[in-house]
Structures are given as structure tokens and as C-alpha cells.
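Data file: my_file_8.cif. Format and content: mmCIF, C-alpha atoms.
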```cif
data_start
loop_
_atom_site.label_atom_id
_atom_site.label_comp_id
_atom_site.auth_asym_id
_atom_site.auth_seq_id
_atom_site.Cartn_x
_atom_site.Cartn_y
_atom_site.Cartn_z
CA MET A 1 18.67 -20.59 2.75
CA ASN A 2 16.80 -22.11 -0.17
CA GLU A 3 15.32 -19.11 -1.94
CA MET A 4 12.39 -21.16 -3.23
CA GLN A 5 11.33 -21.81 0.37
CA ASP A 6 11.32 -18.11 1.29
CA THR A 7 8.01 -17.32 -0.34
CA TRP A 8 5.40 -14.68 0.39
CA LYS A 9 1.68 -14.40 -0.31
CA VAL A 10 -0.89 -11.93 -1.53
CA GLY A 11 -4.10 -13.52 -0.38
CA LYS A 12 -3.92 -17.08 -1.74
CA ARG A 13 -1.31 -16.30 -4.40
CA GLU A 14 2.24 -17.34 -3.52
CA PHE A 15 5.43 -15.89 -4.97
CA SER A 16 9.18 -16.43 -4.74
CA SER A 17 10.51 -13.20 -6.24
CA ARG A 18 10.18 -10.17 -3.99
CA LEU A 19 10.91 -7.72 -6.79
CA LEU A 20 7.84 -6.31 -8.54
CA VAL A 21 8.38 -4.29 -11.70
CA GLY A 22 6.48 -1.86 -13.88
CA THR A 23 6.10 -1.97 -17.63
CA GLY A 24 6.14 1.72 -18.61
CA LYS A 25 8.76 4.24 -19.78
CA TYR A 26 10.94 1.78 -21.70
CA ALA A 27 12.34 2.59 -25.13
CA SER A 28 10.31 -0.24 -26.69
CA LEU A 29 8.10 -3.18 -25.82
CA GLU A 30 10.98 -5.45 -26.75
CA GLN A 31 13.22 -3.76 -24.18
CA THR A 32 10.41 -4.01 -21.64
CA GLY A 33 10.29 -7.77 -22.06
CA GLN A 34 14.08 -8.12 -21.86
CA ALA A 35 14.35 -6.05 -18.67
CA ILE A 36 11.54 -7.89 -16.94
CA ALA A 37 13.13 -11.22 -17.83
CA ALA A 38 16.45 -10.01 -16.37
CA SER A 39 14.71 -8.97 -13.14
CA ASP A 40 13.32 -12.47 -12.53
CA SER A 41 10.17 -10.76 -11.29
CA GLU A 42 6.94 -12.74 -11.17
CA ILE A 43 4.58 -9.75 -10.79
CA VAL A 44 4.41 -7.01 -13.41
CA THR A 45 2.23 -3.95 -12.99
CA VAL A 46 0.57 -2.32 -15.98
CA ALA A 47 -1.18 1.05 -16.22
CA ILE A 48 -4.54 0.30 -17.84
CA ARG A 49 -4.90 3.90 -19.06
CA ARG A 50 -1.48 4.00 -20.72
CA THR A 51 -0.63 0.50 -21.95
CA ASN A 52 -2.28 -1.56 -24.64
CA ILE A 53 -3.27 -5.00 -23.39
CA GLY A 54 -6.06 -5.50 -25.89
CA GLN A 55 -7.86 -2.16 -25.88
CA ASP A 56 -6.52 -1.41 -29.38
CA ALA A 57 -6.31 -4.44 -31.66
CA ASP A 58 -4.40 -2.44 -34.28
CA GLN A 59 -1.47 -1.55 -32.01
CA PRO A 60 1.33 -3.70 -30.52
CA SER A 61 0.26 -5.27 -27.24
CA LEU A 62 2.29 -5.74 -24.08
CA LEU A 63 0.79 -9.22 -23.88
CA ASP A 64 2.98 -10.29 -26.81
CA TYR A 65 6.21 -9.28 -25.05
CA VAL A 66 5.31 -10.06 -21.42
CA PRO A 67 3.09 -13.15 -21.66
CA PRO A 68 0.45 -13.56 -18.91
CA SER A 69 1.27 -17.27 -18.98
CA GLN A 70 4.71 -16.45 -17.52
CA TYR A 71 3.92 -13.46 -15.29
CA THR A 72 1.22 -12.39 -12.89
CA TYR A 73 -0.28 -9.16 -14.19
CA LEU A 74 -1.06 -6.43 -11.70
CA PRO A 75 -3.34 -3.90 -13.44
CA ASN A 76 -3.11 -0.47 -11.83
CA SER A 77 -5.17 2.69 -11.87
CA ALA A 78 -2.26 5.08 -12.49
CA GLY A 79 -3.49 8.42 -13.77
CA CYS A 80 -6.74 8.35 -11.79
CA TYR A 81 -7.58 11.25 -9.46
CA THR A 82 -10.92 10.10 -8.03
CA ALA A 83 -12.16 6.89 -6.47
CA LYS A 84 -14.82 6.65 -9.17
CA ASP A 85 -12.27 6.74 -12.01
CA ALA A 86 -9.97 4.27 -10.26
CA VAL A 87 -12.74 1.73 -9.72
CA ARG A 88 -13.91 2.08 -13.33
CA THR A 89 -10.36 1.64 -14.65
CA LEU A 90 -9.67 -1.47 -12.59
CA ARG A 91 -12.96 -3.02 -13.63
CA LEU A 92 -11.83 -2.51 -17.23
CA GLY A 93 -8.54 -4.21 -16.41
CA ARG A 94 -10.37 -7.18 -14.95
CA GLU A 95 -12.45 -7.47 -18.09
CA LEU A 96 -9.43 -7.25 -20.41
CA LEU A 97 -7.61 -9.95 -18.43
CA ASP A 98 -10.53 -12.41 -18.41
CA GLY A 99 -11.72 -11.88 -14.86
CA HIS A 100 -8.28 -11.52 -13.24
CA ASN A 101 -9.13 -9.83 -9.93
CA LEU A 102 -5.69 -8.89 -8.58
CA CYS A 103 -5.13 -5.15 -8.88
CA LYS A 104 -3.01 -2.26 -7.69
CA LEU A 105 -5.08 0.70 -6.57
CA GLU A 106 -3.70 4.20 -7.08
CA VAL A 107 -5.66 7.40 -6.59
CA LEU A 108 -3.47 10.45 -7.06
CA GLY A 109 -4.04 13.82 -5.46
CA ASP A 110 -1.77 16.13 -7.45
CA PRO A 111 -0.52 15.89 -11.05
CA THR A 112 2.76 17.61 -10.17
CA ASN A 113 4.01 15.41 -7.34
CA LEU A 114 1.75 12.36 -7.88
CA TYR A 115 1.20 12.07 -4.14
CA PRO A 116 -1.73 9.80 -3.28
CA ASP A 117 -5.12 11.17 -2.22
CA MET A 118 -5.68 8.99 0.81
CA GLU A 119 -9.35 9.81 1.35
CA GLU A 120 -10.24 8.85 -2.23
CA THR A 121 -7.94 5.82 -2.01
CA LEU A 122 -9.80 4.52 1.04
CA ILE A 123 -13.20 5.02 -0.64
CA ALA A 124 -12.03 3.13 -3.73
CA ALA A 125 -10.44 0.35 -1.68
CA ARG A 126 -13.67 -0.39 0.14
CA GLU A 127 -15.66 -0.50 -3.09
CA LEU A 128 -13.14 -2.72 -4.87
CA VAL A 129 -12.94 -5.20 -1.99
CA LYS A 130 -16.74 -5.33 -1.91
CA ASP A 131 -16.68 -6.03 -5.67
CA GLY A 132 -14.41 -9.05 -5.26
CA PHE A 133 -11.02 -7.57 -6.10
CA ASP A 134 -7.78 -8.61 -4.41
CA VAL A 135 -6.42 -5.13 -3.73
CA MET A 136 -2.80 -4.11 -3.38
CA VAL A 137 -2.80 -0.40 -2.58
CA TYR A 138 -0.35 2.44 -3.22
CA CYS A 139 -0.44 4.86 -0.31
CA SER A 140 1.44 7.46 1.67
CA ASP A 141 3.74 6.35 4.48
CA ASP A 142 1.10 7.36 7.04
CA PRO A 143 0.76 4.41 9.47
CA ILE A 144 -2.82 5.40 10.38
CA TYR A 145 -4.07 5.27 6.80
CA ALA A 146 -2.07 2.08 6.24
CA GLN A 147 -4.01 0.46 9.08
CA LYS A 148 -7.32 1.76 7.72
CA LEU A 149 -6.55 0.27 4.31
CA GLU A 150 -5.72 -3.09 5.85
CA ASP A 151 -8.91 -2.95 7.89
CA ALA A 152 -10.80 -2.22 4.65
CA GLY A 153 -9.61 -5.56 3.29
CA CYS A 154 -6.54 -4.66 1.20
CA LEU A 155 -4.19 -7.63 0.84
CA ALA A 156 -0.96 -5.62 0.55
CA ILE A 157 0.03 -2.14 1.71
CA MET A 158 2.40 -0.27 -0.61
CA PRO A 159 3.75 2.93 0.98
CA LEU A 160 5.89 5.25 -1.12
CA ALA A 161 9.58 5.53 -0.39
CA SER A 162 9.56 8.98 -2.00
CA LEU A 163 7.68 10.61 -4.86
CA ILE A 164 6.95 8.54 -7.97
CA GLY A 165 9.83 8.74 -10.43
CA SER A 166 12.00 10.84 -8.12
CA GLY A 167 14.71 8.25 -7.47
CA MET A 168 15.22 9.75 -4.02
CA GLY A 169 15.11 6.43 -2.18
CA ILE A 170 13.55 5.82 1.23
CA LEU A 171 13.25 9.25 2.83
CA ASN A 172 11.38 8.16 5.96
CA PRO A 173 12.38 4.66 7.10
CA TRP A 174 10.88 5.35 10.53
CA ASN A 175 7.36 5.59 9.13
CA ILE A 176 7.92 2.42 7.10
CA ASN A 177 8.93 0.71 10.34
CA LEU A 178 5.76 1.95 12.07
CA ILE A 179 3.69 0.44 9.27
CA LEU A 180 5.62 -2.82 9.45
CA GLU A 181 5.09 -3.11 13.20
CA LYS A 182 1.30 -3.10 12.83
CA ALA A 183 0.66 -4.71 9.45
CA LYS A 184 -0.57 -8.28 9.18
CA VAL A 185 -0.42 -8.19 5.37
CA PRO A 186 2.65 -7.76 3.14
CA VAL A 187 4.20 -4.29 3.09
CA ILE A 188 5.85 -3.45 -0.23
CA VAL A 189 7.82 -0.26 -0.75
CA ASP A 190 6.50 1.41 -3.88
CA ALA A 191 7.76 4.53 -5.70
CA GLY A 192 10.96 6.52 -5.36
CA VAL A 193 13.54 3.74 -5.62
CA GLY A 194 16.52 5.02 -7.60
CA THR A 195 19.23 2.37 -7.47
CA ALA A 196 20.11 -1.04 -6.07
CA SER A 197 21.02 0.17 -2.58
CA ASP A 198 17.50 1.62 -2.17
CA ALA A 199 16.01 -1.80 -2.90
CA ALA A 200 18.36 -3.45 -0.42
CA ILE A 201 17.44 -0.95 2.31
CA ALA A 202 13.72 -1.59 1.75
CA MET A 203 14.27 -5.30 2.20
CA GLU A 204 16.56 -4.85 5.20
CA LEU A 205 13.74 -2.98 6.94
CA GLY A 206 11.65 -6.15 6.69
CA CYS A 207 9.40 -5.31 3.75
CA ALA A 208 7.91 -8.25 1.90
CA GLY A 209 8.99 -6.77 -1.41
CA VAL A 210 9.79 -3.67 -3.43
CA LEU A 211 8.12 -2.33 -6.57
CA MET A 212 9.84 -0.12 -9.12
CA ASN A 213 9.60 1.06 -12.70
CA THR A 214 11.52 4.25 -13.49
CA ALA A 215 14.69 3.11 -11.71
CA ILE A 216 15.03 0.30 -14.24
CA ALA A 217 13.40 1.80 -17.34
CA LYS A 218 15.37 5.04 -17.23
CA ALA A 219 18.74 3.57 -16.29
CA ARG A 220 21.51 3.90 -18.86
CA ASP A 221 21.30 0.11 -19.29
CA PRO A 222 17.83 -1.08 -18.20
CA ILE A 223 18.59 -4.78 -18.63
CA GLN A 224 21.71 -4.59 -16.48
CA MET A 225 19.90 -2.47 -13.87
CA ALA A 226 17.06 -4.98 -13.75
CA HIS A 227 19.60 -7.69 -12.89
CA ALA A 228 21.18 -5.43 -10.26
CA MET A 229 17.77 -4.83 -8.67
CA LYS A 230 17.15 -8.56 -8.54
CA LEU A 231 20.44 -9.13 -6.68
CA ALA A 232 19.89 -6.16 -4.36
CA THR A 233 16.44 -7.36 -3.39
CA GLN A 234 17.78 -10.82 -2.66
CA ALA A 235 20.74 -9.45 -0.69
CA GLY A 236 18.55 -7.16 1.39
CA ARG A 237 16.19 -10.01 2.21
CA LEU A 238 19.07 -12.28 3.25
CA ALA A 239 20.53 -9.52 5.43
CA TYR A 240 17.15 -9.03 7.12
CA LEU A 241 16.83 -12.75 7.83
CA ALA A 242 20.42 -12.98 9.06
CA GLY A 243 19.99 -10.05 11.47
CA ARG A 244 22.52 -7.26 11.42
CA MET A 245 25.01 -6.73 14.21
CA PRO A 246 24.02 -4.08 16.77
CA LYS A 247 25.34 -0.59 16.24
CA LYS A 248 27.83 0.51 18.89
CA TYR A 249 28.50 4.17 19.46
CA TYR A 250 31.74 5.49 21.03
CA THR A 251 33.24 1.99 21.28
CA ALA A 252 35.06 -0.31 18.92
CA SER A 253 35.42 -4.07 18.80
CA PRO A 254 38.35 -5.66 16.94
CA SER A 255 37.54 -8.28 14.34
CA SER A 256 40.42 -10.53 15.45
CA PRO A 257 40.64 -12.16 18.88
CA THR A 258 42.86 -10.41 21.42
CA GLU A 259 43.48 -13.34 23.76
CA GLY A 260 47.01 -14.75 23.56
CA VAL A 261 48.35 -11.90 21.49
CA ILE A 262 52.03 -11.13 22.03
CA SER A 263 52.11 -7.65 23.47
CA SER A 264 54.69 -5.18 22.31
CA ALA A 265 57.14 -3.83 24.81
CA LYS A 266 56.29 -0.46 26.23
CA PRO A 267 58.97 2.21 25.86
#
```

Could you spell out this file's structure in C-alpha cells?
Amino acid sequence: MNEMQDTWKVGKREFSSRLLVGTGKYASLEQTGQAIAASDSEIVTVAIRRTNIGQDADQPSLLDYVPPSQYTYLPNSAGCYTAKDAVRTLRLGRELLDGHNLCKLEVLGDPTNLYPDMEETLIAARELVKDGFDVMVYCSDDPIYAQKLEDAGCLAIMPLASLIGSGMGILNPWNINLILEKAKVPVIVDAGVGTASDAAIAMELGCAGVLMNTAIAKARDPIQMAHAMKLATQAGRLAYLAGRMPKKYYTASPSSPTEGVISSAKP
């Protein structure tokens, strides 16, 4: 398969890489840029409330290390706990990025576990879509809310694999499958990925992509982990397209043919 031909879309935007990466928690902005380059990601998400992309002219800017000319920025509303705050934050992001209307909506419900508040998320999604945003939305793995968000006009549904920053991997693949069965927009696993095998599993389920930050930024070697995540995402996608063999319980099937085999003499 030619990887360049296996593209996916968010609205009218088309991408080749199915690995989306965050820009927080790195040791430095220089390391951030190096890890993102190693990931071969095309979409980078940035927390407007926590990252300088022009708000403070006197401080180093992410824009100097991760140029918008090379990457598609995905401003997010991380740290917001109400629909009102999320909408305000994403409008600020649009202004800072010269009218760029692609965004990642997050409305959190609890500062301890960072689980999404789905009622507030849905309110914000409707307002942002009405205001002309292309909304990719972080959500729980509830298939009913996922459908409501798609119906509200969101262009990508991003259910958590497990809690943000937990590294626990995909705890409920069955719910992800339920979302995938109904969704007509890309489904991207977001939050909870810990290592390369988690990324591969997300892609093997049939997700359009996987988004991660902490798994790379807090690895012992972030640049090497970014490369591993790139390969895992590609491998999982290829496995999904190839179609795995069926699982067989209580039976075995030899890998080598049995026809024409010289049988051993019975005692």
C-alpha cells in the first residue's frame, strides 16, 4: 500500500499521518520541536491557556519551534470547565492564528481525573459550529453522546482511551467499537495512550487516528518514543486494512501443510 494514498479528512482538510501529537509537558521548546519532527505528525494540538503562541511577545513562542507553515495547528480548550470558557478560549486561538478555524474542544468536569463534562461539551460544540469553527471534540467513550456531537456538526469524534495522562491504554475497546459502527466522521482515540502497542491497538480497531502527548513527552527518550509511535500507528493501520485472521478457540491449525507428510510409524 502506498501510504500517501491512504489519507483521511477532517472536513475539507486532508492528511496522510494518522498520528496527532500534543505540544505540552516537554523539557523545552527545542525538545518539543524535535519530538514532533520525529513523529512525522501533520497535526499538532496546543493548549491556548498554557502555551505561548503570541499572547506574550516577551516570552519564547511555540511558533518558532513548530512552524505553522509546516504543521496544522489544532488549538484546544484544555483547562476549561464550562462551555462559556471553552468557546471564549477557542475564539482567542482563532484570533491568534489569523482566523484559523480548526479547533479541538475540551470541556472538563473534574480537575482530579480530567474527565469530560459531556453536557457542557455539547453546548459548546453547538455554539462553535454555529460560529464557523471546524470542531474536533474530546469526549467520553459514550456512544450516545458521540452521536449527539456528530449530529451537532463536529467533524471528528475523539473518545478517551483512558484518563488524560494515565498511560493506561484502551480500557474499553467495546465502546470504541460501538462509536465506530455509527460514526460517519473520523474517530480518533484521544487520551490515555501509554506506549506504542496502545497506538497500534487503536488503529487496529479501525480508528482514523490517535492523539497523544504525555506518552511521548514523559518518555525517558521523547524523540525515540515519538518515532516508535509513528511506526506503531502505521503498523496498526496496515493490520486493520489487511484484516486479522479469525480467532479460533479450542482448536489449532498448523502453519505448515499436512498433505503428503511422511507419517511416523506407530509403536

Separating CA of Ile201 in chain A from CA of Gly236 in chain A, to the nearest tenth of an Å, is a gap of 6.4 Å

**Q.** Evaluate the PyMOL selection byres ((chain A and resi 173-189) around 8) and report residues as a PyMOL selection string
**A.** chain A and resi 8-10+141-143+146-147+150+155-161+170-172+190-191+202+205-211

Extract, using only C-alpha atoms, all DNA, RNA and protein residues at most 6 Å from Ala226 in chain A, discarding same-chain residues fewer than 2 positions from it, and format them as a VMD selection string. chain A and resid 35 38 to 39 216 222 to 224 228 to 229

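Straight-line separation from CA of Asp56 in chain A to CA of Leu97 in chain A: 13.9 Å.
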
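For the pair CA of Glu127 in chain A and CA of Asn213 in chain A, the interatomic distance is 27.1 Å.
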
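Distances from A:Lys148, A:Ala86, A:Leu96, A:Gly153 to Lys130 in chain A were compared using all atoms listed in the file, and the smallest one belongs to A:Gly153.
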
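In terms of minimum interatomic distance to Thr82 in chain A, A:Ala125 ranks closest within A:Met168, A:Met225, A:Ala125, A:Ala219, counting all atoms listed in the file.
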
message = Which residues are close to Asp131 in chain A, i.e. within 12 Å by all atoms listed in the file, leaving aside same-chain residues fewer than 3 positions away? Reply as a list in words.
response = Val87, Arg88, Leu90, Arg91, Arg94, Gly99, Asn101, Leu102, Ala124, Ala125, Arg126, Glu127, Leu128, Asp134, Val135 and Gly153 of chain A

The PyMOL selection byres ((chain A and resi 58-71) around 9) - which residues does that actually catch in the file I just gave you? List them as a PDB file with C-alpha atoms, in the frame of the given file.
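The new file expr.pdb reads:
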```pdb
ATOM      1  CA  THR A  23       6.100  -1.970 -17.630  1.00  0.00           C
ATOM      2  CA  LEU A  29       8.100  -3.180 -25.820  1.00  0.00           C
ATOM      3  CA  GLU A  30      10.980  -5.450 -26.750  1.00  0.00           C
ATOM      4  CA  GLN A  31      13.220  -3.760 -24.180  1.00  0.00           C
ATOM      5  CA  THR A  32      10.410  -4.010 -21.640  1.00  0.00           C
ATOM      6  CA  GLY A  33      10.290  -7.770 -22.060  1.00  0.00           C
ATOM      7  CA  GLN A  34      14.080  -8.120 -21.860  1.00  0.00           C
ATOM      8  CA  ILE A  36      11.540  -7.890 -16.940  1.00  0.00           C
ATOM      9  CA  ALA A  37      13.130 -11.220 -17.830  1.00  0.00           C
ATOM     10  CA  SER A  41      10.170 -10.760 -11.290  1.00  0.00           C
ATOM     11  CA  GLU A  42       6.940 -12.740 -11.170  1.00  0.00           C
ATOM     12  CA  ILE A  43       4.580  -9.750 -10.790  1.00  0.00           C
ATOM     13  CA  VAL A  44       4.410  -7.010 -13.410  1.00  0.00           C
ATOM     14  CA  VAL A  46       0.570  -2.320 -15.980  1.00  0.00           C
ATOM     15  CA  THR A  51      -0.630   0.500 -21.950  1.00  0.00           C
ATOM     16  CA  ASN A  52      -2.280  -1.560 -24.640  1.00  0.00           C
ATOM     17  CA  ILE A  53      -3.270  -5.000 -23.390  1.00  0.00           C
ATOM     18  CA  GLY A  54      -6.060  -5.500 -25.890  1.00  0.00           C
ATOM     19  CA  GLN A  55      -7.860  -2.160 -25.880  1.00  0.00           C
ATOM     20  CA  ASP A  56      -6.520  -1.410 -29.380  1.00  0.00           C
ATOM     21  CA  ALA A  57      -6.310  -4.440 -31.660  1.00  0.00           C
ATOM     22  CA  THR A  72       1.220 -12.390 -12.890  1.00  0.00           C
ATOM     23  CA  TYR A  73      -0.280  -9.160 -14.190  1.00  0.00           C
ATOM     24  CA  LEU A  97      -7.610  -9.950 -18.430  1.00  0.00           C
TER      25      LEU A  97
END
```

The residue from A:Leu114, A:Val107, A:Leu163, A:Ile144 with the smallest atom-to-atom distance to Met212 in chain A, counting all atoms listed in the file, is A:Leu163

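The shortest atom-to-atom distance to Ile48 in chain A, with all atoms listed in the file taken into account, belongs to A:Gly93 out of A:Gly243, A:Gly132, A:Gly93, A:Gly109.
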
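Between Ser16 in chain A and the residues A:Lys104, A:Arg49, A:Arg220, A:Lys230, the shortest atom-to-atom distance, using all atoms listed in the file, involves A:Lys230.
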
Output of the PyMOL selection byres ((chain A and resi 108) around 9), listed as a CSV table (one decimal) with C-alpha atoms, keeping the file's coordinate frame:
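part-v3.csv, written as the output of this step:
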```csv
chain,number,residue,atom,x,y,z
A,78,ALA,CA,-2.3,5.1,-12.5
A,79,GLY,CA,-3.5,8.4,-13.8
A,80,CYS,CA,-6.7,8.4,-11.8
A,81,TYR,CA,-7.6,11.2,-9.5
A,82,THR,CA,-10.9,10.1,-8.0
A,106,GLU,CA,-3.7,4.2,-7.1
A,107,VAL,CA,-5.7,7.4,-6.6
A,109,GLY,CA,-4.0,13.8,-5.5
A,110,ASP,CA,-1.8,16.1,-7.4
A,111,PRO,CA,-0.5,15.9,-11.0
A,113,ASN,CA,4.0,15.4,-7.3
A,114,LEU,CA,1.8,12.4,-7.9
A,115,TYR,CA,1.2,12.1,-4.1
A,116,PRO,CA,-1.7,9.8,-3.3
A,117,ASP,CA,-5.1,11.2,-2.2
A,118,MET,CA,-5.7,9.0,0.8
A,120,GLU,CA,-10.2,8.8,-2.2
A,121,THR,CA,-7.9,5.8,-2.0
```

Quick one: axis-aligned box around all listed atoms of range 137-146 of chain A, 4 Å on every side, centre and edge lengths in Å to one decimal, written as lines of an AutoDock Vina configuration file.
```
center_x = -0.2
center_y = 3.5
center_z = 3.6
size_x = 15.8
size_y = 15.9
size_z = 21.6
```

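Considering only C-alpha atoms, the residue among A:Ile123, A:Ala47, A:Leu149, A:Leu20 positioned nearest to Ala83 in chain A is A:Ile123.
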
Place N, CA, C and O atoms on range 193-211 of chain A and deliver the coordinates as a PDB file, keeping the file's coordinate frame.
```
ATOM      1  N   VAL A 193      12.279   4.479  -5.590  1.00  0.00           N
ATOM      2  CA  VAL A 193      13.540   3.740  -5.620  1.00  0.00           C
ATOM      3  C   VAL A 193      14.376   4.244  -6.800  1.00  0.00           C
ATOM      4  O   VAL A 193      13.859   4.420  -7.913  1.00  0.00           O
ATOM      5  N   GLY A 194      15.670   4.468  -6.557  1.00  0.00           N
ATOM      6  CA  GLY A 194      16.520   5.020  -7.600  1.00  0.00           C
ATOM      7  C   GLY A 194      17.616   4.081  -8.063  1.00  0.00           C
ATOM      8  O   GLY A 194      17.985   4.064  -9.229  1.00  0.00           O
ATOM      9  N   THR A 195      18.131   3.269  -7.130  1.00  0.00           N
ATOM     10  CA  THR A 195      19.230   2.370  -7.470  1.00  0.00           C
ATOM     11  C   THR A 195      19.197   1.158  -6.550  1.00  0.00           C
ATOM     12  O   THR A 195      18.342   1.037  -5.673  1.00  0.00           O
ATOM     13  N   ALA A 196      20.155   0.254  -6.755  1.00  0.00           N
ATOM     14  CA  ALA A 196      20.110  -1.040  -6.070  1.00  0.00           C
ATOM     15  C   ALA A 196      20.149  -0.917  -4.547  1.00  0.00           C
ATOM     16  O   ALA A 196      19.475  -1.663  -3.846  1.00  0.00           O
ATOM     17  N   SER A 197      20.925   0.032  -4.037  1.00  0.00           N
ATOM     18  CA  SER A 197      21.020   0.170  -2.580  1.00  0.00           C
ATOM     19  C   SER A 197      19.668   0.534  -1.957  1.00  0.00           C
ATOM     20  O   SER A 197      19.378   0.138  -0.825  1.00  0.00           O
ATOM     21  N   ASP A 198      18.838   1.278  -2.684  1.00  0.00           N
ATOM     22  CA  ASP A 198      17.500   1.620  -2.170  1.00  0.00           C
ATOM     23  C   ASP A 198      16.654   0.356  -2.013  1.00  0.00           C
ATOM     24  O   ASP A 198      15.916   0.206  -1.038  1.00  0.00           O
ATOM     25  N   ALA A 199      16.755  -0.545  -2.980  1.00  0.00           N
ATOM     26  CA  ALA A 199      16.010  -1.800  -2.900  1.00  0.00           C
ATOM     27  C   ALA A 199      16.495  -2.633  -1.716  1.00  0.00           C
ATOM     28  O   ALA A 199      15.697  -3.226  -0.979  1.00  0.00           O
ATOM     29  N   ALA A 200      17.812  -2.681  -1.526  1.00  0.00           N
ATOM     30  CA  ALA A 200      18.360  -3.450  -0.420  1.00  0.00           C
ATOM     31  C   ALA A 200      17.898  -2.894   0.929  1.00  0.00           C
ATOM     32  O   ALA A 200      17.546  -3.656   1.842  1.00  0.00           O
ATOM     33  N   ILE A 201      17.881  -1.565   1.052  1.00  0.00           N
ATOM     34  CA  ILE A 201      17.440  -0.950   2.310  1.00  0.00           C
ATOM     35  C   ILE A 201      15.980  -1.290   2.594  1.00  0.00           C
ATOM     36  O   ILE A 201      15.610  -1.606   3.730  1.00  0.00           O
ATOM     37  N   ALA A 202      15.135  -1.243   1.568  1.00  0.00           N
ATOM     38  CA  ALA A 202      13.720  -1.590   1.750  1.00  0.00           C
ATOM     39  C   ALA A 202      13.582  -3.001   2.300  1.00  0.00           C
ATOM     40  O   ALA A 202      12.787  -3.263   3.214  1.00  0.00           O
ATOM     41  N   MET A 203      14.353  -3.920   1.755  1.00  0.00           N
ATOM     42  CA  MET A 203      14.270  -5.300   2.200  1.00  0.00           C
ATOM     43  C   MET A 203      14.882  -5.494   3.581  1.00  0.00           C
ATOM     44  O   MET A 203      14.396  -6.299   4.384  1.00  0.00           O
ATOM     45  N   GLU A 204      15.940  -4.752   3.878  1.00  0.00           N
ATOM     46  CA  GLU A 204      16.560  -4.850   5.200  1.00  0.00           C
ATOM     47  C   GLU A 204      15.626  -4.360   6.302  1.00  0.00           C
ATOM     48  O   GLU A 204      15.722  -4.792   7.455  1.00  0.00           O
ATOM     49  N   LEU A 205      14.723  -3.448   5.961  1.00  0.00           N
ATOM     50  CA  LEU A 205      13.740  -2.980   6.940  1.00  0.00           C
ATOM     51  C   LEU A 205      12.741  -4.070   7.308  1.00  0.00           C
ATOM     52  O   LEU A 205      12.099  -4.002   8.357  1.00  0.00           O
ATOM     53  N   GLY A 206      12.600  -5.074   6.436  1.00  0.00           N
ATOM     54  CA  GLY A 206      11.650  -6.150   6.690  1.00  0.00           C
ATOM     55  C   GLY A 206      10.457  -6.137   5.760  1.00  0.00           C
ATOM     56  O   GLY A 206       9.477  -6.867   5.996  1.00  0.00           O
ATOM     57  N   CYS A 207      10.498  -5.324   4.711  1.00  0.00           N
ATOM     58  CA  CYS A 207       9.400  -5.310   3.750  1.00  0.00           C
ATOM     59  C   CYS A 207       9.312  -6.651   3.030  1.00  0.00           C
ATOM     60  O   CYS A 207      10.317  -7.336   2.836  1.00  0.00           O
ATOM     61  N   ALA A 208       8.109  -6.994   2.623  1.00  0.00           N
ATOM     62  CA  ALA A 208       7.910  -8.250   1.900  1.00  0.00           C
ATOM     63  C   ALA A 208       8.450  -8.159   0.480  1.00  0.00           C
ATOM     64  O   ALA A 208       8.787  -9.180  -0.130  1.00  0.00           O
ATOM     65  N   GLY A 209       8.512  -6.937  -0.048  1.00  0.00           N
ATOM     66  CA  GLY A 209       8.990  -6.770  -1.410  1.00  0.00           C
ATOM     67  C   GLY A 209       9.176  -5.306  -1.730  1.00  0.00           C
ATOM     68  O   GLY A 209       8.945  -4.422  -0.904  1.00  0.00           O
ATOM     69  N   VAL A 210       9.591  -5.049  -2.970  1.00  0.00           N
ATOM     70  CA  VAL A 210       9.790  -3.670  -3.430  1.00  0.00           C
ATOM     71  C   VAL A 210       9.338  -3.601  -4.885  1.00  0.00           C
ATOM     72  O   VAL A 210       9.590  -4.512  -5.676  1.00  0.00           O
ATOM     73  N   LEU A 211       8.611  -2.532  -5.212  1.00  0.00           N
ATOM     74  CA  LEU A 211       8.120  -2.330  -6.570  1.00  0.00           C
ATOM     75  C   LEU A 211       8.793  -1.114  -7.179  1.00  0.00           C
ATOM     76  O   LEU A 211       8.923  -0.084  -6.522  1.00  0.00           O
TER      77      LEU A 211
END
```
